[in-house]
Amino acid sequence: MSSIAIQLASPYCTKKKYAEATGQSMGAINQAVASGKLPIMPKDSERGAVLINLVALFKKADAQRFV
């Protein structure tokens with residue numbers, strides 16, 4: 001079994017940065033956040049910025065089986 005080391009500049013990123021990195025539209029990202037498919041950092045208030053939890057996303061990807 002091999003291991004992979006992933007280095008992130010930050011454990012979180014904004015929806016805009018995530019859109020730039022993945023090429024997804026903001027609409028698709030908003031839908032994924034609303035449906036719980038994209039993990040986000042808990043917000044302190046309703047008006048707080050939505051930050052994508054990249055660590056949780058990578059852990060979820062790592063747990064998937066390769067076909």
# chains A, B, ... in the order shown; residues from 1 in each chain; ligands from 1

$ select_by_dssp --residues "chain A" --states "strand (DSSP E)" --output "ChimeraX atom specification"
/A:12-14,51-53

$ closest_residue --among "A:Ile40, A:Ala63, A:Arg47, A:Ser35" --to "Tyr18 of chain A" --atoms "only C-alpha atoms"
A:Ile40

$ select_by_dssp --residues "chain A" --states "helix (DSSP H, G or I)" --output "ChimeraX atom specification"
/A:15-22,26-35,54-63

$ residues_around --residues "Met26 of chain A" --least-positions-apart "6" --cutoff "12 Å" --atoms "only C-alpha atoms" --output "MDAnalysis selection string"
chainID A and resid 14:20 32:33

$ write_last_selection --atoms "C-alpha atoms" --output "mmCIF file, in the first residue's frame"
data_model
loop_
_atom_site.group_PDB
_atom_site.id
_atom_site.type_symbol
_atom_site.label_atom_id
_atom_site.label_comp_id
_atom_site.auth_asym_id
_atom_site.auth_seq_id
_atom_site.Cartn_x
_atom_site.Cartn_y
_atom_site.Cartn_z
ATOM 1 C CA THR A 14 -13.772 30.587 -0.455
ATOM 2 C CA LYS A 15 -16.366 29.467 -2.969
ATOM 3 C CA LYS A 16 -14.757 31.805 -5.518
ATOM 4 C CA LYS A 17 -11.295 30.240 -5.078
ATOM 5 C CA TYR A 18 -12.835 26.750 -5.216
ATOM 6 C CA ALA A 19 -14.626 27.683 -8.469
ATOM 7 C CA GLU A 20 -11.354 28.925 -9.966
ATOM 8 C CA ALA A 32 -23.306 21.241 -3.685
ATOM 9 C CA VAL A 33 -22.969 23.279 -0.484
#

$ atom_distance --atom1 "atom CA of Gln64 of chain A" --atom2 "atom CA of Gly23 of chain A"
22.0 Å

$ closest_residue --among "A:Leu8, A:Pro42, A:Ala28, A:Ser3" --to "Phe58 of chain A" --atoms "only C-alpha atoms"
A:Leu8

$ atom_distance --atom1 "atom CA of Ala21 of chain A" --atom2 "atom CA of Leu54 of chain A"
11.8 Å

$ decode --residues "chain A" --atoms "C-alpha atoms" --output "PDB file, in the first residue's frame"
ATOM      1  CA  MET A   1       0.000   0.000   0.000  1.00  0.00           C
ATOM      2  CA  SER A   2       1.346   3.433  -0.886  1.00  0.00           C
ATOM      3  CA  SER A   3       0.659   6.781   0.713  1.00  0.00           C
ATOM      4  CA  ILE A   4       0.125  10.196  -0.765  1.00  0.00           C
ATOM      5  CA  ALA A   5       1.186  13.484   0.800  1.00  0.00           C
ATOM      6  CA  ILE A   6      -0.989  16.457  -0.107  1.00  0.00           C
ATOM      7  CA  GLN A   7       0.130  19.940   0.841  1.00  0.00           C
ATOM      8  CA  LEU A   8      -2.493  22.665   1.123  1.00  0.00           C
ATOM      9  CA  ALA A   9      -1.820  26.374   1.484  1.00  0.00           C
ATOM     10  CA  SER A  10      -4.876  26.589   3.750  1.00  0.00           C
ATOM     11  CA  PRO A  11      -7.393  24.063   5.123  1.00  0.00           C
ATOM     12  CA  TYR A  12     -10.265  26.250   3.850  1.00  0.00           C
ATOM     13  CA  CYS A  13     -11.010  28.299   0.743  1.00  0.00           C
ATOM     14  CA  THR A  14     -13.772  30.587  -0.455  1.00  0.00           C
ATOM     15  CA  LYS A  15     -16.366  29.467  -2.969  1.00  0.00           C
ATOM     16  CA  LYS A  16     -14.757  31.805  -5.518  1.00  0.00           C
ATOM     17  CA  LYS A  17     -11.295  30.240  -5.078  1.00  0.00           C
ATOM     18  CA  TYR A  18     -12.835  26.750  -5.216  1.00  0.00           C
ATOM     19  CA  ALA A  19     -14.626  27.683  -8.469  1.00  0.00           C
ATOM     20  CA  GLU A  20     -11.354  28.925  -9.966  1.00  0.00           C
ATOM     21  CA  ALA A  21      -9.485  25.775  -8.918  1.00  0.00           C
ATOM     22  CA  THR A  22     -12.112  23.292 -10.109  1.00  0.00           C
ATOM     23  CA  GLY A  23     -13.694  25.065 -13.062  1.00  0.00           C
ATOM     24  CA  GLN A  24     -17.161  24.589 -11.575  1.00  0.00           C
ATOM     25  CA  SER A  25     -19.757  27.325 -11.798  1.00  0.00           C
ATOM     26  CA  MET A  26     -20.827  29.227  -8.698  1.00  0.00           C
ATOM     27  CA  GLY A  27     -24.313  27.803  -9.205  1.00  0.00           C
ATOM     28  CA  ALA A  28     -22.992  24.240  -9.081  1.00  0.00           C
ATOM     29  CA  ILE A  29     -20.937  25.032  -5.986  1.00  0.00           C
ATOM     30  CA  ASN A  30     -23.899  26.671  -4.250  1.00  0.00           C
ATOM     31  CA  GLN A  31     -26.026  23.584  -4.981  1.00  0.00           C
ATOM     32  CA  ALA A  32     -23.306  21.241  -3.685  1.00  0.00           C
ATOM     33  CA  VAL A  33     -22.969  23.279  -0.484  1.00  0.00           C
ATOM     34  CA  ALA A  34     -26.755  23.421   0.018  1.00  0.00           C
ATOM     35  CA  SER A  35     -27.100  19.654  -0.465  1.00  0.00           C
ATOM     36  CA  GLY A  36     -24.163  18.877   1.833  1.00  0.00           C
ATOM     37  CA  LYS A  37     -21.958  17.414  -0.912  1.00  0.00           C
ATOM     38  CA  LEU A  38     -19.288  20.051  -0.267  1.00  0.00           C
ATOM     39  CA  PRO A  39     -18.242  20.305   3.380  1.00  0.00           C
ATOM     40  CA  ILE A  40     -18.019  23.811   4.796  1.00  0.00           C
ATOM     41  CA  MET A  41     -16.615  25.347   7.941  1.00  0.00           C
ATOM     42  CA  PRO A  42     -19.363  26.046  10.505  1.00  0.00           C
ATOM     43  CA  LYS A  43     -20.379  29.693  10.370  1.00  0.00           C
ATOM     44  CA  ASP A  44     -20.689  31.939  13.442  1.00  0.00           C
ATOM     45  CA  SER A  45     -23.459  33.978  11.835  1.00  0.00           C
ATOM     46  CA  GLU A  46     -25.799  33.873   8.851  1.00  0.00           C
ATOM     47  CA  ARG A  47     -23.782  36.620   7.148  1.00  0.00           C
ATOM     48  CA  GLY A  48     -20.432  34.875   7.571  1.00  0.00           C
ATOM     49  CA  ALA A  49     -18.463  33.823   4.509  1.00  0.00           C
ATOM     50  CA  VAL A  50     -18.928  30.261   3.305  1.00  0.00           C
ATOM     51  CA  LEU A  51     -15.564  28.491   3.418  1.00  0.00           C
ATOM     52  CA  ILE A  52     -15.070  25.098   1.766  1.00  0.00           C
ATOM     53  CA  ASN A  53     -13.398  22.613   4.130  1.00  0.00           C
ATOM     54  CA  LEU A  54     -10.645  21.205   1.906  1.00  0.00           C
ATOM     55  CA  VAL A  55      -9.301  18.816   4.564  1.00  0.00           C
ATOM     56  CA  ALA A  56     -12.710  17.126   4.926  1.00  0.00           C
ATOM     57  CA  LEU A  57     -13.061  17.024   1.134  1.00  0.00           C
ATOM     58  CA  PHE A  58      -9.671  15.310   0.697  1.00  0.00           C
ATOM     59  CA  LYS A  59     -10.467  12.839   3.490  1.00  0.00           C
ATOM     60  CA  LYS A  60     -13.762  11.994   1.775  1.00  0.00           C
ATOM     61  CA  ALA A  61     -11.953  11.463  -1.531  1.00  0.00           C
ATOM     62  CA  ASP A  62      -9.326   9.299   0.174  1.00  0.00           C
ATOM     63  CA  ALA A  63     -12.001   7.063   1.712  1.00  0.00           C
ATOM     64  CA  GLN A  64     -13.518   6.226  -1.680  1.00  0.00           C
ATOM     65  CA  ARG A  65     -12.558   2.985  -3.378  1.00  0.00           C
ATOM     66  CA  PHE A  66     -10.774   3.023  -6.698  1.00  0.00           C
ATOM     67  CA  VAL A  67     -12.426   1.018  -9.448  1.00  0.00           C
TER      68      VAL A  67
END
